[in-house]
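Chemist: There's a structure below that I have some questions on.
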Amino acid sequence: MQGIQRISGQGRRFLFLQGPHGPYFNRLGRMVAATGAEVWRVGFNRGDRAFWSDTASYIPYKGTLEQWPQAFRELIAQKSITDIVLYGDTRPIHAWAVQIARAEGVTVHVFEEGYLRPYWITYERGGANGHSRLMELTVPQMQKALESLDMELPDAPARWGDMRQHMFWGALYHWFVMTGFWDYRNFRPHRALTVRQEFLLYLRRLVLMPLHRWERMLATFRIKHGGFPYHLVLLQLEHDASFQMHSPFKTMSEFLAVVMEGFAKGAAPHHHIVFKAHPLEDGRVPVARDIRRLAREHGVADRVHFVRGGKLARLLNHARTAVTVNSTAAQQVLWRGLPLKTFGAAVYAKPEFVSTQPLTEFFSAPTRPDSRAYRDYRHYLLETSQVPGGFYSSLGRRELLRQVVDMMLQPEDPYDALTSGKAAPRQQLRLVT
């Protein structure tokens with residue numbers, strides 16, 4: 001059996017930082033440890049502690065944010081860390097860790113929500129979203145990497161997947177953080193709201209889900225049966241990292257004002273506009289109120305609609321165009337070949353796909369994306385950074401763990417591995433709900 005090299009974590013030392021709400025990082029850490037690697041977890045609050053089962057490998061951090069960079073340097077030196085694992089790369093503790101890890105030659109494994117959600121998650125090395133290597137890769141480079149591959153692509157997802165589990169784990173996580181604050185007195189959330197406010201918003205969303213469902217069904221029915229052409233606006237969470245870190249706007253009101261003015265000046269007088277809220281919109285920002293106010297100011301109140309979350313496919317099926325800052329939901333727009341206008345940095349914002357027209361001109365006579373080029377782009381993502389599965393449902397975690405640990409142990413990142421022909425085998429898509 002000489003000459004056979006098997007995948008192993010021997011000699012690797014993984015340090016986990018903050019992960020998605022729920023048990024995913026705990027399950028991932030246990031499987032990484034099963035490969036022969038050493039695994040450690042830094043916890044910054046009681047919520048992190050609650051979802052890590054191995055007390056021996058748990059390292060509580062109770063210092064301040066200002067003390068964290070030096071503490072992190074000392075930690076990776078003391079434990080001889082070779083790899084760090086984190087969810088999202090923009091929150092301050094992660095941004096510092098990524099910067100220091102790169103300088104020290106430590107491999108950075110970044111997880112994020114799927115660029116092709118909901119049936120995939122994103123796994124990359126070094127950074128995600130606006131920090132992803134996809135920002136630098138061109139479509140011709142992707143097409144060249146795909147030349148030797150032949151794969152039938154699955155259909156575009158039509159729904160989010162495990163939204164109820166997402167909200168449940170989020171509420172539970174913030175409950176642990178809130179009730180165990182005395183153990184981590186220096187912890188500060190990376191968002192503007194307090195932990196108590198975050199918990200109450202999650203709880204409010206869970207309680208109001210039935211009411212919001214009926215409200216959404218009524219709004220969607222009116223749009224579907226209204227018989228008018230309409231443009232769709234894909235809204236995001238104002239506090240989301242992609243919106244705050246990779247767009248020209250600081251508030252959702254700024255974006256809404258730009259879109260409403262462009263629609264009022266550029267769209268045909270019989271066209272309508274539909275603003276679709278993010279599925280996790282929780283009311284911390286008065287989006288619906290701002291839309292009503294702006295519609296009145298521009299004299300288009302009878303042509304403006306607001307839909308609270310729900311399935312995107314039902315609205316896309318009859319839309320003329322779509323506008324967003326940099327929402328990943330725009331991938332579904334491009335899959336359908338609809339004209340798309342974006343304002344922020346996004347991994348899909350390639351010149352082949354996204355309109356460069358001024359907004360008024362876009363609403364008047366939009367240019368269509370190159371659908372063949374987008375199909376190649378999507379194929380490239382499915383062969384590299386998009387992994388079947390999800391963070392929040394038990395079935396989604398099982399599907400994800402079947403593949404992602406092998407990818408983490410590979411010496412090359414998913415993009416280089418595809419180019420070199422050493423990519424880990426990809427499993428066929430199985431729906432996770």
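Every chain in the structure tokens takes a letter, A first, then B, and so on in the order presented; its residues are numbered from 1, and the ligands are numbered from 1 following the presented order.
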Give one line per residue of segment 97-137 of chain A that approaches segment 346-352 of chain A to at most 10 Å, naming the two atoms of the closest pair and their distance in Å to one decimal, counting only C-alpha atoms; sort by chain then ascending residue number and deliver it as JSON lines.

Modeler:
{"residue": "A:Tyr115", "atom": "CA", "partner": "A:Val347", "partner_atom": "CA", "distance": 8.2}
{"residue": "A:Ala128", "atom": "CA", "partner": "A:Val347", "partner_atom": "CA", "distance": 8.8}
{"residue": "A:Asn129", "atom": "CA", "partner": "A:Val347", "partner_atom": "CA", "distance": 6.2}
{"residue": "A:Gly130", "atom": "CA", "partner": "A:Ala346", "partner_atom": "CA", "distance": 6.0}
{"residue": "A:His131", "atom": "CA", "partner": "A:Val347", "partner_atom": "CA", "distance": 9.1}
{"residue": "A:Ser132", "atom": "CA", "partner": "A:Val347", "partner_atom": "CA", "distance": 7.3}
{"residue": "A:Arg133", "atom": "CA", "partner": "A:Val347", "partner_atom": "CA", "distance": 8.6}
{"residue": "A:Leu134", "atom": "CA", "partner": "A:Val347", "partner_atom": "CA", "distance": 5.6}
{"residue": "A:Met135", "atom": "CA", "partner": "A:Val347", "partner_atom": "CA", "distance": 5.3}
{"residue": "A:Glu136", "atom": "CA", "partner": "A:Val347", "partner_atom": "CA", "distance": 8.9}
{"residue": "A:Leu137", "atom": "CA", "partner": "A:Val347", "partner_atom": "CA", "distance": 9.2}

Chemist: Hey, what's within 7 Å of segment 82-91 of chain A if we count only C-alpha atoms and toss same-chain stuff fewer than 4 positions away? As a list in words, please?

Modeler: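 Surrounding residues, per the criterion: Arg12, Arg13, Phe14, Leu15, Phe16, Leu17, Gln18, Gly19, Pro20, Ala95, Val106, Thr107, Val108, His109, Val110, Phe111, Glu112, Gly127, Ala128, His190 and Ala241 of chain A.
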
Chemist: Report as a ChimeraX atom specification: the residues of segment 307-374 of chain A with a DSSP assignment of strand (DSSP E), based on the backbone of this structure.

Modeler: /A:307,321-324,340-342

Chemist: Would you put the residues from that selection into a file with C-alpha atoms, as a PDB file, in the first residue's frame?

Modeler:
ATOM      1  CA  VAL A 307     -44.274  42.241   0.325  1.00  0.00           C
ATOM      2  CA  THR A 321     -36.602  43.650 -14.014  1.00  0.00           C
ATOM      3  CA  ALA A 322     -34.988  43.481 -10.593  1.00  0.00           C
ATOM      4  CA  VAL A 323     -32.985  45.995  -8.536  1.00  0.00           C
ATOM      5  CA  THR A 324     -30.883  45.367  -5.432  1.00  0.00           C
ATOM      6  CA  LEU A 340     -30.607  43.249 -13.096  1.00  0.00           C
ATOM      7  CA  LYS A 341     -29.342  46.521 -11.626  1.00  0.00           C
ATOM      8  CA  THR A 342     -27.014  46.457  -8.597  1.00  0.00           C
TER       9      THR A 342
END

Chemist: When you count only C-alpha atoms, which of these residues is closest to Thr384 of chain A: A:Arg320, A:Lys250, A:Lys422, A:Arg336?

Modeler: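 Result for the nearest residue to Thr384 of chain A: A:Lys422.
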
Chemist: Mind giving me the straight-line distance from atom CA of Tyr24 of chain A to atom CA of Ala101 of chain A in Å, one decimal?

Modeler: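 Interatomic distance, atom CA of Tyr24 of chain A to atom CA of Ala101 of chain A: 22.8 Å.
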
Chemist: Between A:Leu382, A:Leu237, A:Val177, A:Met217, which residue has the minimum interatomic distance to Phe51 of chain A, considering only C-alpha atoms?

Modeler: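 Among the listed residues, the smallest separation from Phe51 of chain A belongs to A:Val177.
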
Chemist: Give me the residues within 6 Å of segment 256-273 of chain A as an MDAnalysis selection string, counting only C-alpha atoms and dropping any in the same chain fewer than 4 places off.

Modeler: chainID A and resid 229:232 303:304 359:360 363:364

Chemist: Rank A:Glu74, A:Val325, A:His278, A:Arg368 by their smallest atom-to-atom distance to Leu338 of chain A, using only C-alpha atoms, and report the top residue only.

Modeler: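 For Leu338 of chain A, the nearest of the candidates is A:Arg368.
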
Chemist: Considering only C-alpha atoms, return as a PyMOL selection string whatever protein or nucleic-acid residues lie within 7 Å of segment 397-405 of chain A, sequence-local ones (same chain, fewer than 3 positions apart) excluded.

Modeler: chain A and resi 24+28+32+387-394+408-409

Chemist: Looking at A:Gln165, A:Ser385, A:Gln143, A:Ser80, which one is nearest to Trp120 of chain A, with distances taken over only C-alpha atoms?

Modeler: A:Ser385

Chemist: Residues near Met163 of chain A, anyone? I mean within 9 Å using only C-alpha atoms, not counting same-chain ones fewer than 2 positions away, as a PyMOL selection string.

Modeler: chain A and resi 160-161+165-168+279-280+392-393

Chemist: Among the residues of segment 207-354 of chain A, find those DSSP assigns to alpha helix (DSSP H) from the backbone and print them as a VMD selection string.

Modeler: chain A and resid 207 to 224 241 to 245 252 to 266 287 to 297 312 to 316 330 to 335

Chemist: Can I get the selection written as a PDB file, in the first residue's frame, with C-alpha atoms?

Modeler:
ATOM      1  CA  VAL A 207     -44.747  34.981  17.312  1.00  0.00           C
ATOM      2  CA  LEU A 208     -45.919  37.100  14.363  1.00  0.00           C
ATOM      3  CA  MET A 209     -45.111  34.557  11.658  1.00  0.00           C
ATOM      4  CA  PRO A 210     -48.768  33.474  11.155  1.00  0.00           C
ATOM      5  CA  LEU A 211     -49.961  37.099  10.848  1.00  0.00           C
ATOM      6  CA  HIS A 212     -47.144  38.016   8.486  1.00  0.00           C
ATOM      7  CA  ARG A 213     -47.942  34.960   6.381  1.00  0.00           C
ATOM      8  CA  TRP A 214     -51.512  36.124   5.763  1.00  0.00           C
ATOM      9  CA  GLU A 215     -50.355  39.662   5.085  1.00  0.00           C
ATOM     10  CA  ARG A 216     -47.824  38.349   2.570  1.00  0.00           C
ATOM     11  CA  MET A 217     -50.355  36.080   0.860  1.00  0.00           C
ATOM     12  CA  LEU A 218     -52.761  38.997   0.392  1.00  0.00           C
ATOM     13  CA  ALA A 219     -50.084  41.305  -1.030  1.00  0.00           C
ATOM     14  CA  THR A 220     -48.817  38.583  -3.385  1.00  0.00           C
ATOM     15  CA  PHE A 221     -52.357  37.794  -4.559  1.00  0.00           C
ATOM     16  CA  ARG A 222     -52.981  41.450  -5.440  1.00  0.00           C
ATOM     17  CA  ILE A 223     -49.745  41.623  -7.431  1.00  0.00           C
ATOM     18  CA  LYS A 224     -50.270  38.306  -9.189  1.00  0.00           C
ATOM     19  CA  ALA A 241     -22.409  42.943   6.549  1.00  0.00           C
ATOM     20  CA  SER A 242     -22.812  42.917   2.753  1.00  0.00           C
ATOM     21  CA  PHE A 243     -24.988  46.028   2.929  1.00  0.00           C
ATOM     22  CA  GLN A 244     -22.812  47.892   5.415  1.00  0.00           C
ATOM     23  CA  MET A 245     -19.348  46.882   4.199  1.00  0.00           C
ATOM     24  CA  MET A 252     -31.864  51.387   3.820  1.00  0.00           C
ATOM     25  CA  SER A 253     -33.694  54.738   3.544  1.00  0.00           C
ATOM     26  CA  GLU A 254     -30.915  56.046   1.289  1.00  0.00           C
ATOM     27  CA  PHE A 255     -31.305  53.107  -1.079  1.00  0.00           C
ATOM     28  CA  LEU A 256     -35.107  53.328  -1.080  1.00  0.00           C
ATOM     29  CA  ALA A 257     -34.954  57.026  -1.958  1.00  0.00           C
ATOM     30  CA  VAL A 258     -32.672  56.390  -4.944  1.00  0.00           C
ATOM     31  CA  VAL A 259     -34.844  53.567  -6.275  1.00  0.00           C
ATOM     32  CA  MET A 260     -38.140  55.403  -5.823  1.00  0.00           C
ATOM     33  CA  GLU A 261     -36.847  58.491  -7.638  1.00  0.00           C
ATOM     34  CA  GLY A 262     -35.480  56.376 -10.494  1.00  0.00           C
ATOM     35  CA  PHE A 263     -38.781  54.542 -10.838  1.00  0.00           C
ATOM     36  CA  ALA A 264     -40.872  57.715 -10.767  1.00  0.00           C
ATOM     37  CA  LYS A 265     -38.738  59.337 -13.485  1.00  0.00           C
ATOM     38  CA  GLY A 266     -37.906  56.369 -15.684  1.00  0.00           C
ATOM     39  CA  VAL A 287     -38.881  49.876   5.761  1.00  0.00           C
ATOM     40  CA  ALA A 288     -42.611  49.725   4.989  1.00  0.00           C
ATOM     41  CA  ARG A 289     -43.207  53.199   6.427  1.00  0.00           C
ATOM     42  CA  ASP A 290     -40.344  54.710   4.435  1.00  0.00           C
ATOM     43  CA  ILE A 291     -41.648  53.126   1.227  1.00  0.00           C
ATOM     44  CA  ARG A 292     -45.122  54.592   1.768  1.00  0.00           C
ATOM     45  CA  ARG A 293     -43.666  58.033   2.511  1.00  0.00           C
ATOM     46  CA  LEU A 294     -41.405  58.056  -0.545  1.00  0.00           C
ATOM     47  CA  ALA A 295     -44.205  56.808  -2.795  1.00  0.00           C
ATOM     48  CA  ARG A 296     -46.417  59.718  -1.709  1.00  0.00           C
ATOM     49  CA  GLU A 297     -43.610  62.236  -2.205  1.00  0.00           C
ATOM     50  CA  LEU A 312     -39.098  34.946  -4.331  1.00  0.00           C
ATOM     51  CA  ALA A 313     -40.000  32.685  -7.273  1.00  0.00           C
ATOM     52  CA  ARG A 314     -43.669  33.684  -7.222  1.00  0.00           C
ATOM     53  CA  LEU A 315     -42.752  37.328  -7.751  1.00  0.00           C
ATOM     54  CA  LEU A 316     -39.903  36.712 -10.205  1.00  0.00           C
ATOM     55  CA  ALA A 330     -30.149  38.307  -7.371  1.00  0.00           C
ATOM     56  CA  GLN A 331     -28.686  34.969  -8.462  1.00  0.00           C
ATOM     57  CA  GLN A 332     -32.254  33.768  -9.014  1.00  0.00           C
ATOM     58  CA  VAL A 333     -32.912  36.860 -11.115  1.00  0.00           C
ATOM     59  CA  LEU A 334     -29.948  36.088 -13.351  1.00  0.00           C
ATOM     60  CA  TRP A 335     -30.875  32.405 -13.603  1.00  0.00           C
TER      61      TRP A 335
END
